[in-house]
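Asker: Contents are compact mmCIF, C-alpha atoms; file name structure24.txt:
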# COMPACT_ATOMS: atom_id res chain seq x y z
CA MET A 1 -9.38 14.99 -24.18
CA LYS A 2 -6.81 14.95 -21.41
CA ALA A 3 -3.44 13.25 -21.63
CA ALA A 4 -3.11 9.88 -19.91
CA GLN A 5 -0.63 11.36 -17.41
CA ASP A 6 -3.24 13.95 -16.36
CA ILE A 7 -5.83 11.22 -15.69
CA ILE A 8 -3.72 8.64 -13.79
CA LEU A 9 -2.11 10.64 -10.96
CA ALA A 10 -0.46 7.99 -8.75
CA PRO A 11 -0.64 4.30 -7.78
CA VAL A 12 -2.20 3.47 -4.43
CA ILE A 13 0.20 1.25 -2.47
CA THR A 14 -1.46 -0.45 0.50
CA GLU A 15 -1.57 -4.00 1.81
CA LYS A 16 -5.04 -4.52 0.40
CA SER A 17 -4.18 -3.12 -3.03
CA MET A 18 -1.06 -5.29 -3.25
CA ALA A 19 -3.13 -8.37 -2.38
CA MET A 20 -5.60 -7.44 -5.15
CA ALA A 21 -2.71 -7.05 -7.62
CA ARG A 22 -2.24 -10.83 -7.58
CA ASP A 23 -5.72 -11.08 -9.16
CA LYS A 24 -4.83 -8.44 -11.80
CA LYS A 25 -6.72 -5.67 -9.97
CA TYR A 26 -4.72 -2.47 -9.69
CA THR A 27 -5.59 0.68 -7.73
CA PHE A 28 -4.79 4.23 -8.88
CA LYS A 29 -5.45 7.77 -7.70
CA VAL A 30 -7.16 9.53 -10.62
CA ALA A 31 -8.39 13.01 -11.49
CA LYS A 32 -11.78 13.81 -9.95
CA ASP A 33 -13.46 14.86 -13.21
CA THR A 34 -12.73 11.71 -15.25
CA ASN A 35 -15.08 8.87 -16.07
CA LYS A 36 -14.52 5.11 -16.32
CA ILE A 37 -14.01 5.10 -20.09
CA GLU A 38 -11.27 7.74 -19.92
CA ILE A 39 -9.57 5.87 -17.07
CA ALA A 40 -9.60 2.59 -19.03
CA LYS A 41 -8.10 4.23 -22.14
CA ALA A 42 -5.42 5.96 -20.06
CA VAL A 43 -4.34 2.71 -18.35
CA GLU A 44 -4.26 0.87 -21.69
CA SER A 45 -2.11 3.54 -23.32
CA LEU A 46 0.29 4.03 -20.38
CA PHE A 47 0.98 0.39 -19.51
CA GLY A 48 0.13 -1.49 -22.74
CA VAL A 49 -2.46 -3.79 -21.13
CA LYS A 50 -6.11 -4.67 -21.85
CA VAL A 51 -8.69 -3.46 -19.29
CA ALA A 52 -11.75 -5.60 -18.50
CA LYS A 53 -13.56 -3.21 -16.13
CA VAL A 54 -13.09 -0.14 -13.94
CA ASN A 55 -14.64 0.60 -10.54
CA THR A 56 -14.40 4.11 -9.07
CA VAL A 57 -14.68 5.35 -5.50
CA SER A 58 -14.88 8.96 -4.32
CA VAL A 59 -12.84 9.19 -1.10
CA ARG A 60 -13.85 11.91 1.36
CA GLY A 61 -11.21 13.94 3.14
CA THR A 62 -10.64 13.08 6.79
CA GLU A 63 -10.54 15.55 9.66
CA LYS A 64 -7.06 16.29 10.97
CA SER A 65 -6.04 18.47 13.90
CA MET A 66 -2.75 20.16 14.64
CA GLY A 67 -2.85 21.62 18.12
CA ARG A 68 -5.97 23.72 18.41
CA TYR A 69 -6.47 24.03 14.63
CA ARG A 70 -8.64 21.61 12.71
CA GLY A 71 -9.04 21.02 9.02
CA TYR A 72 -9.78 18.43 6.38
CA THR A 73 -7.49 16.63 3.96
CA PRO A 74 -8.55 16.99 0.32
CA SER A 75 -11.06 14.56 -1.16
CA TRP A 76 -9.88 12.43 -4.09
CA LYS A 77 -11.00 9.73 -6.52
CA LYS A 78 -9.75 6.14 -6.56
CA ALA A 79 -10.05 3.74 -9.50
CA ILE A 80 -9.76 -0.05 -9.22
CA VAL A 81 -8.83 -1.39 -12.66
CA THR A 82 -9.35 -5.07 -13.50
CA LEU A 83 -7.33 -6.49 -16.40
CA THR A 84 -8.40 -9.29 -18.73
CA GLU A 85 -7.15 -12.84 -18.14
CA LYS A 86 -4.95 -12.82 -21.26
CA SER A 87 -3.44 -9.41 -20.49
CA LYS A 88 0.06 -9.12 -19.08
CA SER A 89 0.53 -7.67 -15.60
CA ILE A 90 1.83 -4.16 -14.87
CA GLU A 91 5.58 -4.32 -14.18
CA PHE A 92 5.55 -1.47 -11.64
CA PHE A 93 3.42 -3.49 -9.23
CA ASP A 94 5.40 -6.70 -9.87
CA GLY A 95 8.52 -5.09 -8.39
CA LEU A 96 6.66 -4.24 -5.16
CA MET A 97 5.29 -7.72 -4.43
In structure tokens, write the structure found in this file.
Answerer:
Amino acid sequence: MKAAQDIILAPVITEKSMAMARDKKYTFKVAKDTNKIEIAKAVESLFGVKVAKVNTVSVRGTEKSMGRYRGYTPSWKKAIVTLTEKSKSIEFFDGLM
């Protein structure tokens, strides 16, 4: 089993994700080869919260061009984690709102 720090790579900070944080839904960039159960256990161990459900989205890389050269950004996996009603919120996101 992977360590929790190897599963949860980074938080996703956008306007939409910050609006969802008010409803105890938090968005993270996660490793591509993890499943929902591993993501839930990693969030519970890192932040000390109780996870209700996890939704995952595979994000395709977008085409970028620099002058006459074209390429793609890497694809990645996004997880939207919903906490239970009785669970406390994640302090990292509270400081951003």
Asker: Using only C-alpha atoms, find the one residue out of A:Val51, A:Ala4, A:Val12, A:Ile80 that sits nearest to Glu38 of chain A.
Answerer: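 Answer, going by the shortest atom-to-atom distance: A:Ala4.
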Asker: As a list in words, please: the residues near Val59 of chain A (cut-off 12 Å, all atoms listed in the file, same-chain neighbours under 4 positions excluded).
Answerer: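 Near neighbours after the sequence-gap exclusion: Lys29, Val30, Ala31, Lys32, Thr73, Pro74, Ser75, Trp76, Lys77, Lys78 and Ala79 of chain A.
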Asker: Quick one, how far is atom CA of Asp23 of chain A from atom CA of Phe92 of chain A?
Answerer: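 It comes out at 15.0 Å.
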Asker: Might you pull out every residue within 9 Å of Ala40 of chain A, with only C-alpha atoms counted and same-chain residues fewer than 5 positions away left off, and present them as a PyMOL selection string?
Answerer: chain A and resi 35+45+50-54+81
Asker: Can you tell me how far atom CA of Ile7 of chain A sits from atom CA of Lys88 of chain A, in Å to one decimal?
Answerer: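 Atom CA of Lys88 of chain A lies at a distance of 21.4 Å from atom CA of Ile7 of chain A.
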Asker: Please complete segment 52-68 of chain A so it has N, CA and C atoms, and hand it over as a short mmCIF file (atom, residue, chain, number, x, y, z; two decimals), in the coordinates of the input.
Answerer:
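What ended up in result03.cif:
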data_model
loop_
_atom_site.label_atom_id
_atom_site.label_comp_id
_atom_site.auth_asym_id
_atom_site.auth_seq_id
_atom_site.Cartn_x
_atom_site.Cartn_y
_atom_site.Cartn_z
N ALA A 52 -10.46 -4.93 -18.47
CA ALA A 52 -11.75 -5.60 -18.50
C ALA A 52 -12.84 -4.70 -17.91
N LYS A 53 -12.58 -4.10 -16.74
CA LYS A 53 -13.56 -3.21 -16.13
C LYS A 53 -12.87 -2.25 -15.16
N VAL A 54 -13.60 -1.18 -14.83
CA VAL A 54 -13.09 -0.14 -13.94
C VAL A 54 -14.16 0.17 -12.90
N ASN A 55 -13.77 0.16 -11.63
CA ASN A 55 -14.64 0.60 -10.54
C ASN A 55 -14.04 1.87 -9.95
N THR A 56 -14.90 2.86 -9.64
CA THR A 56 -14.40 4.11 -9.07
C THR A 56 -15.03 4.34 -7.71
N VAL A 57 -14.25 5.02 -6.85
CA VAL A 57 -14.68 5.35 -5.50
C VAL A 57 -14.28 6.79 -5.22
N SER A 58 -15.22 7.61 -4.75
CA SER A 58 -14.88 8.96 -4.32
C SER A 58 -14.56 8.92 -2.83
N VAL A 59 -13.33 9.27 -2.48
CA VAL A 59 -12.84 9.19 -1.10
C VAL A 59 -12.97 10.57 -0.46
N ARG A 60 -13.70 10.64 0.65
CA ARG A 60 -13.85 11.91 1.36
C ARG A 60 -12.59 12.22 2.14
N GLY A 61 -12.33 13.51 2.32
CA GLY A 61 -11.21 13.94 3.14
C GLY A 61 -11.50 13.67 4.61
N THR A 62 -10.46 13.36 5.37
CA THR A 62 -10.64 13.08 6.79
C THR A 62 -10.26 14.31 7.60
N GLU A 63 -10.83 14.41 8.79
CA GLU A 63 -10.54 15.55 9.66
C GLU A 63 -9.20 15.33 10.35
N LYS A 64 -8.37 16.33 10.32
CA LYS A 64 -7.06 16.29 10.97
C LYS A 64 -6.96 17.50 11.90
N SER A 65 -6.24 17.34 12.99
CA SER A 65 -6.04 18.47 13.90
C SER A 65 -4.56 18.61 14.19
N MET A 66 -4.13 19.85 14.30
CA MET A 66 -2.75 20.16 14.64
C MET A 66 -2.81 21.19 15.76
N GLY A 67 -2.67 20.72 16.98
CA GLY A 67 -2.85 21.62 18.12
C GLY A 67 -4.30 22.01 18.27
N ARG A 68 -4.58 23.28 18.27
CA ARG A 68 -5.97 23.72 18.41
C ARG A 68 -6.64 23.99 17.06
#
